[in-house]
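Read the structure below first, then the notes.
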Amino acid sequence: MRPALVCILVFALAGVTAGCAGSDDGDQAEEPPCRGLPKLQPSDPRPGMPKPVSLEGVVSDYEAEYWTPGETDTRGGLCVVSKTAKGTFALTGIVQAQPAKPIQQARVTLESIAPDQPPARAEAVTDIDGAFAFVDMPARPKRSCYRTSIVAKGYGRYVLVSDDVGPGQQYQQTIELTRAVQRYTDARNPRNCRINAT
């Protein structure tokens with residue numbers, strides 16, 4: 001299912017060796033670039049460069065690759081997590097409102113919901129660019145079901161239930177929030193997930 005208001009791009013990235021890490025530290029002159037990040041002019045739109053969150057909290061050592069505005073349906077592109085630990089997956093995203101307006105301080109929760117899958121839950125808050133990222137989230141070859149929930153002040157809740165995640169994969173989502181509640185299911189086998197637990 002591909003909802004009109006949701007652009008979900010799923011790609012596996014390989015061969016990436018450069019790192020990317022944003023910083024909230026005002027003493028740092030600039031954020032280290034992601035692999036492939038073009039030289040930006042002061043007037044160019046800023047790419048999203050989120051710090052990934054794992055089950056253990058914010059991750060400082062990770063790898064990322066720049067994806068263009070055309071690939072991510074954003075104004076400035078996005079620094080996408082490009083490597084994840086064995087047996088896990090990564091998800092990088094942008095939360096925005098039309099027309100391409102980033103939503104800051106949206107709360108994004110990613111949690112496993114398969115009945116026979118160990119519980120896993122992580123939470124991120126979107127940055128000034130509306131960006132968020134998760135890394136090292138546990139995944140099984142089959143029946144890895146996750147629910148992505150997003151809430152932001154002034155917008156309706158967004159929920160996506162999916163069993164289309166796999167170990168060693170890196171995913172990207174661009175999510176457009178509206179005033180209405182949005183609930184979607186992207187499951188190859190709905191019985192694998194608690195579809196009604198949204």
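We label chains A, B, ... in the order they appear in the structure tokens, count residues from 1 in each chain, and number ligands from 1 in the order shown.
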Assign secondary structure with DSSP using the backbone only, and return the residues of stretch 44-100 of chain A in alpha helix (DSSP H) as a PyMOL selection string.
chain A and resi 69-72
Counting only C-alpha atoms, which residue out of A:Ser82, A:Ser162, A:Ser149, A:Thr72 sits closest to A:Gln182?
A:Ser149
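With only C-alpha atoms as the atoms that count, the minimum distance from A:Ser54 to the choices A:Asn189, A:Leu91, A:Pro167, A:Pro99 is reached by A:Leu91.
Using only C-alpha atoms, the shortest contact distance between A:Gly168 and any of A:Ala152, A:Ala187, A:Ala133, A:Ala90 is found at A:Ala90.
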Length of the atom CA of A:Leu177 to atom CA of A:Phe89 vector [Å]
24.1 Å
Just the strand (DSSP E) stuff from stretch 6-198 of chain A, please, per backbone DSSP, written as a short mmCIF file (atom, residue, chain, number, x, y, z; two decimals) with N, CA, C and O atoms, in the first residue's frame.
```
data_model
loop_
_atom_site.label_atom_id
_atom_site.label_comp_id
_atom_site.auth_asym_id
_atom_site.auth_seq_id
_atom_site.Cartn_x
_atom_site.Cartn_y
_atom_site.Cartn_z
N VAL A 6 2.19 9.74 1.83
CA VAL A 6 3.40 9.17 2.42
C VAL A 6 4.33 8.72 1.31
O VAL A 6 3.93 8.00 0.43
N CYS A 7 5.54 9.18 1.38
CA CYS A 7 6.55 8.72 0.42
C CYS A 7 7.52 7.84 1.17
O CYS A 7 8.25 8.31 2.03
N ILE A 8 7.50 6.55 0.86
CA ILE A 8 8.39 5.63 1.55
C ILE A 8 9.37 5.07 0.54
O ILE A 8 8.99 4.43 -0.42
N LEU A 9 10.60 5.36 0.76
CA LEU A 9 11.65 4.88 -0.11
C LEU A 9 12.43 3.83 0.65
O LEU A 9 12.89 4.08 1.75
N VAL A 10 12.59 2.67 0.06
CA VAL A 10 13.30 1.60 0.75
C VAL A 10 14.47 1.18 -0.12
O VAL A 10 14.28 0.71 -1.22
N PHE A 11 15.65 1.38 0.40
CA PHE A 11 16.86 1.03 -0.32
C PHE A 11 17.85 0.39 0.62
O PHE A 11 17.93 0.76 1.79
N VAL A 53 19.17 7.18 17.02
CA VAL A 53 18.86 6.64 18.34
C VAL A 53 18.77 5.13 18.22
O VAL A 53 18.22 4.60 17.24
N SER A 54 19.31 4.43 19.20
CA SER A 54 19.20 2.98 19.27
C SER A 54 18.44 2.61 20.54
O SER A 54 17.97 3.49 21.27
N GLY A 57 19.98 4.47 23.39
CA GLY A 57 19.98 5.93 23.40
C GLY A 57 20.65 6.50 22.15
O GLY A 57 20.82 5.81 21.15
N VAL A 58 21.07 7.75 22.23
CA VAL A 58 21.67 8.44 21.08
C VAL A 58 23.01 7.80 20.74
O VAL A 58 23.82 7.52 21.62
N ALA A 64 26.82 7.46 7.47
CA ALA A 64 25.66 7.99 6.76
C ALA A 64 26.06 8.43 5.37
O ALA A 64 27.22 8.67 5.07
N GLU A 65 25.05 8.54 4.52
CA GLU A 65 25.25 8.95 3.13
C GLU A 65 24.18 9.98 2.77
O GLU A 65 23.02 9.84 3.15
N TYR A 66 24.59 10.98 2.00
CA TYR A 66 23.66 12.04 1.59
C TYR A 66 22.74 11.55 0.48
O TYR A 66 23.19 10.97 -0.50
N TRP A 67 21.43 11.77 0.68
CA TRP A 67 20.44 11.53 -0.36
C TRP A 67 19.87 12.88 -0.76
O TRP A 67 19.59 13.73 0.07
N LEU A 78 18.78 14.67 2.73
CA LEU A 78 18.83 14.02 4.03
C LEU A 78 20.09 13.17 4.16
O LEU A 78 20.50 12.50 3.22
N CYS A 79 20.69 13.21 5.34
CA CYS A 79 21.84 12.38 5.67
C CYS A 79 21.28 11.07 6.24
O CYS A 79 20.78 11.03 7.36
N VAL A 80 21.32 9.99 5.45
CA VAL A 80 20.66 8.72 5.77
C VAL A 80 21.66 7.74 6.38
O VAL A 80 22.74 7.51 5.83
N VAL A 81 21.29 7.16 7.52
CA VAL A 81 22.13 6.14 8.15
C VAL A 81 22.37 5.03 7.14
O VAL A 81 21.43 4.53 6.52
N THR A 88 20.21 -6.31 12.59
CA THR A 88 19.39 -5.13 12.88
C THR A 88 19.11 -4.35 11.60
O THR A 88 19.67 -4.64 10.54
N PHE A 89 18.25 -3.33 11.71
CA PHE A 89 17.99 -2.44 10.58
C PHE A 89 18.07 -1.00 11.07
O PHE A 89 18.12 -0.72 12.26
N ALA A 90 18.11 -0.07 10.10
CA ALA A 90 18.14 1.37 10.41
C ALA A 90 17.03 2.06 9.65
O ALA A 90 16.64 1.64 8.56
N LEU A 91 16.53 3.14 10.22
CA LEU A 91 15.48 3.95 9.60
C LEU A 91 15.82 5.42 9.79
O LEU A 91 16.07 5.86 10.91
N THR A 92 15.85 6.17 8.70
CA THR A 92 16.08 7.62 8.75
C THR A 92 14.89 8.29 8.09
O THR A 92 14.37 7.79 7.08
N GLY A 93 14.45 9.41 8.64
CA GLY A 93 13.28 10.04 8.05
C GLY A 93 13.21 11.53 8.27
O GLY A 93 13.99 12.13 9.01
N ILE A 94 12.23 12.11 7.59
CA ILE A 94 11.89 13.53 7.70
C ILE A 94 10.39 13.60 7.96
O ILE A 94 9.60 12.92 7.30
N VAL A 95 10.00 14.42 8.91
CA VAL A 95 8.58 14.69 9.17
C VAL A 95 8.33 16.12 8.73
O VAL A 95 9.02 17.05 9.15
N GLN A 96 7.34 16.29 7.87
CA GLN A 96 7.07 17.62 7.33
C GLN A 96 5.58 17.82 7.09
O GLN A 96 4.80 16.88 7.14
N ALA A 97 5.23 19.08 6.86
CA ALA A 97 3.88 19.44 6.46
C ALA A 97 3.96 20.04 5.07
O ALA A 97 5.00 20.55 4.67
N LYS A 101 7.39 21.71 4.61
CA LYS A 101 7.72 22.47 5.81
C LYS A 101 8.11 21.50 6.92
O LYS A 101 7.29 20.72 7.39
N PRO A 102 9.39 21.52 7.35
CA PRO A 102 9.82 20.59 8.40
C PRO A 102 9.06 20.80 9.70
O PRO A 102 8.75 21.93 10.07
N ARG A 107 7.43 13.79 18.05
CA ARG A 107 7.90 12.61 18.77
C ARG A 107 7.66 11.38 17.91
O ARG A 107 6.54 11.08 17.52
N VAL A 108 8.75 10.66 17.61
CA VAL A 108 8.69 9.49 16.74
C VAL A 108 9.03 8.26 17.57
O VAL A 108 10.10 8.20 18.18
N THR A 109 8.13 7.30 17.60
CA THR A 109 8.34 6.06 18.35
C THR A 109 8.38 4.89 17.38
O THR A 109 7.51 4.77 16.52
N LEU A 110 9.40 4.05 17.52
CA LEU A 110 9.53 2.85 16.70
C LEU A 110 9.56 1.67 17.65
O LEU A 110 10.42 1.59 18.53
N GLU A 111 8.59 0.75 17.50
CA GLU A 111 8.50 -0.37 18.44
C GLU A 111 8.08 -1.65 17.74
O GLU A 111 7.29 -1.65 16.81
N SER A 112 8.68 -2.76 18.20
CA SER A 112 8.32 -4.07 17.67
C SER A 112 6.96 -4.48 18.22
O SER A 112 6.63 -4.20 19.37
N ARG A 121 11.84 -0.98 21.71
CA ARG A 121 11.19 0.32 21.59
C ARG A 121 12.22 1.42 21.72
O ARG A 121 13.04 1.42 22.63
N ALA A 122 12.18 2.37 20.78
CA ALA A 122 13.07 3.52 20.84
C ALA A 122 12.27 4.76 20.45
O ALA A 122 11.29 4.66 19.70
N GLU A 123 12.67 5.88 20.97
CA GLU A 123 11.96 7.12 20.70
C GLU A 123 12.94 8.22 20.32
O GLU A 123 14.01 8.34 20.91
N ALA A 124 12.57 9.00 19.30
CA ALA A 124 13.39 10.12 18.85
C ALA A 124 12.51 11.36 18.75
O ALA A 124 11.28 11.26 18.65
N VAL A 125 13.14 12.52 18.76
CA VAL A 125 12.44 13.79 18.57
C VAL A 125 13.05 14.46 17.35
O VAL A 125 14.28 14.55 17.23
N ALA A 131 14.12 16.07 10.98
CA ALA A 131 14.77 14.78 10.73
C ALA A 131 14.85 13.93 11.99
O ALA A 131 14.94 14.44 13.11
N PHE A 132 14.85 12.61 11.78
CA PHE A 132 15.01 11.64 12.87
C PHE A 132 15.72 10.41 12.30
O PHE A 132 15.76 10.21 11.08
N ALA A 133 16.28 9.59 13.17
CA ALA A 133 16.93 8.36 12.70
C ALA A 133 16.98 7.33 13.82
O ALA A 133 17.13 7.68 15.00
N PHE A 134 16.86 6.07 13.44
CA PHE A 134 17.03 4.93 14.35
C PHE A 134 18.07 4.00 13.74
O PHE A 134 18.13 3.84 12.51
N VAL A 135 18.88 3.37 14.58
CA VAL A 135 19.89 2.44 14.10
C VAL A 135 19.97 1.26 15.07
O VAL A 135 19.58 1.38 16.24
N ASP A 136 20.43 0.13 14.57
CA ASP A 136 20.62 -1.07 15.38
C ASP A 136 19.32 -1.55 16.03
O ASP A 136 19.30 -2.01 17.17
N MET A 137 18.22 -1.47 15.27
CA MET A 137 16.94 -1.98 15.76
C MET A 137 16.83 -3.46 15.38
O MET A 137 17.01 -3.82 14.21
N PRO A 138 16.55 -4.34 16.34
CA PRO A 138 16.55 -5.79 16.09
C PRO A 138 15.57 -6.19 14.99
O PRO A 138 14.46 -5.68 14.90
N TYR A 146 7.03 -3.92 13.01
CA TYR A 146 7.28 -2.68 13.74
C TYR A 146 6.15 -1.70 13.51
O TYR A 146 5.53 -1.67 12.44
N ARG A 147 5.91 -0.89 14.53
CA ARG A 147 4.95 0.21 14.43
C ARG A 147 5.71 1.51 14.57
O ARG A 147 6.46 1.70 15.53
N THR A 148 5.53 2.41 13.60
CA THR A 148 6.07 3.76 13.67
C THR A 148 4.93 4.69 14.02
O THR A 148 3.91 4.72 13.32
N SER A 149 5.07 5.42 15.14
CA SER A 149 4.04 6.37 15.57
C SER A 149 4.66 7.75 15.65
O SER A 149 5.77 7.91 16.18
N ILE A 150 3.94 8.75 15.14
CA ILE A 150 4.44 10.13 15.17
C ILE A 150 3.34 11.04 15.68
O ILE A 150 2.20 11.00 15.20
N VAL A 151 3.69 11.86 16.66
CA VAL A 151 2.77 12.87 17.17
C VAL A 151 3.49 14.21 17.19
O VAL A 151 4.67 14.29 17.50
N TYR A 158 0.16 9.97 13.29
CA TYR A 158 0.52 9.13 12.15
C TYR A 158 0.95 7.77 12.68
O TYR A 158 1.76 7.70 13.61
N VAL A 159 0.43 6.69 12.09
CA VAL A 159 0.81 5.34 12.51
C VAL A 159 1.02 4.48 11.27
O VAL A 159 0.17 4.44 10.38
N LEU A 160 2.16 3.80 11.22
CA LEU A 160 2.44 2.84 10.15
C LEU A 160 2.85 1.52 10.79
O LEU A 160 3.78 1.47 11.59
N VAL A 161 2.13 0.44 10.46
CA VAL A 161 2.48 -0.90 10.92
C VAL A 161 3.05 -1.65 9.72
O VAL A 161 2.42 -1.69 8.66
N SER A 162 4.24 -2.21 9.87
CA SER A 162 4.90 -2.86 8.75
C SER A 162 5.65 -4.11 9.20
O SER A 162 6.26 -4.14 10.26
N GLN A 170 18.74 -0.66 5.42
CA GLN A 170 18.62 0.73 5.82
C GLN A 170 17.46 1.33 5.03
O GLN A 170 17.41 1.20 3.80
N TYR A 171 16.55 1.99 5.72
CA TYR A 171 15.34 2.50 5.10
C TYR A 171 15.25 4.01 5.29
O TYR A 171 15.82 4.57 6.22
N GLN A 172 14.47 4.64 4.40
CA GLN A 172 14.24 6.08 4.49
C GLN A 172 12.75 6.35 4.30
O GLN A 172 12.10 5.74 3.43
N GLN A 173 12.20 7.26 5.11
CA GLN A 173 10.80 7.66 4.99
C GLN A 173 10.71 9.18 5.00
O GLN A 173 11.41 9.84 5.76
N THR A 174 9.84 9.69 4.15
CA THR A 174 9.45 11.09 4.22
C THR A 174 7.97 11.09 4.53
O THR A 174 7.18 10.54 3.77
N ILE A 175 7.61 11.67 5.66
CA ILE A 175 6.24 11.59 6.16
C ILE A 175 5.63 12.98 6.21
O ILE A 175 6.21 13.90 6.80
N GLU A 176 4.48 13.13 5.59
CA GLU A 176 3.77 14.41 5.60
C GLU A 176 2.61 14.31 6.59
O GLU A 176 1.68 13.53 6.39
N GLN A 182 -3.67 9.60 10.48
CA GLN A 182 -3.28 8.73 9.37
C GLN A 182 -2.84 7.38 9.93
O GLN A 182 -1.96 7.32 10.77
N ARG A 183 -3.47 6.30 9.45
CA ARG A 183 -3.12 4.94 9.87
C ARG A 183 -2.92 4.10 8.62
O ARG A 183 -3.80 4.01 7.78
N TYR A 184 -1.76 3.46 8.54
CA TYR A 184 -1.42 2.66 7.36
C TYR A 184 -0.86 1.30 7.78
O TYR A 184 -0.24 1.17 8.84
N THR A 185 -1.06 0.33 6.90
CA THR A 185 -0.50 -1.01 7.10
C THR A 185 0.28 -1.38 5.85
O THR A 185 -0.22 -1.27 4.74
N ASP A 186 1.53 -1.80 6.05
CA ASP A 186 2.38 -2.26 4.96
C ASP A 186 2.90 -3.64 5.37
O ASP A 186 4.04 -3.79 5.78
#
```
Closest of A:Cys145, A:Ala85, A:Val59, A:Leu37 to A:Gln169 - atom-to-atom distances counting only C-alpha atoms
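Once distances to A:Gln169 are computed over only C-alpha atoms, the minimum belongs to A:Ala85.
Take the candidates A:Gly166, A:Pro52, A:Pro38, A:Gly76 and check each one against A:Arg140 using only C-alpha atoms; the shortest distance goes to A:Gly166.
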What gap, in Å, lies between atom CA of A:Pro45 and atom CA of A:Thr74?
9.5 Å
Which one of A:Gly87, A:Gly130, A:Arg35, A:Pro119 sits closest to A:Lys51 if you count only C-alpha atoms?
A:Gly130
Show me, as a count of residues only, the residues that have an atom within 7 Å of A:Cys193 when counting only C-alpha atoms, minus same-chain residues fewer than 3 positions from it.
5
Atom pair atom CA of A:Lys39 / atom CA of A:Ala106: separation (Å):
28.6 Å
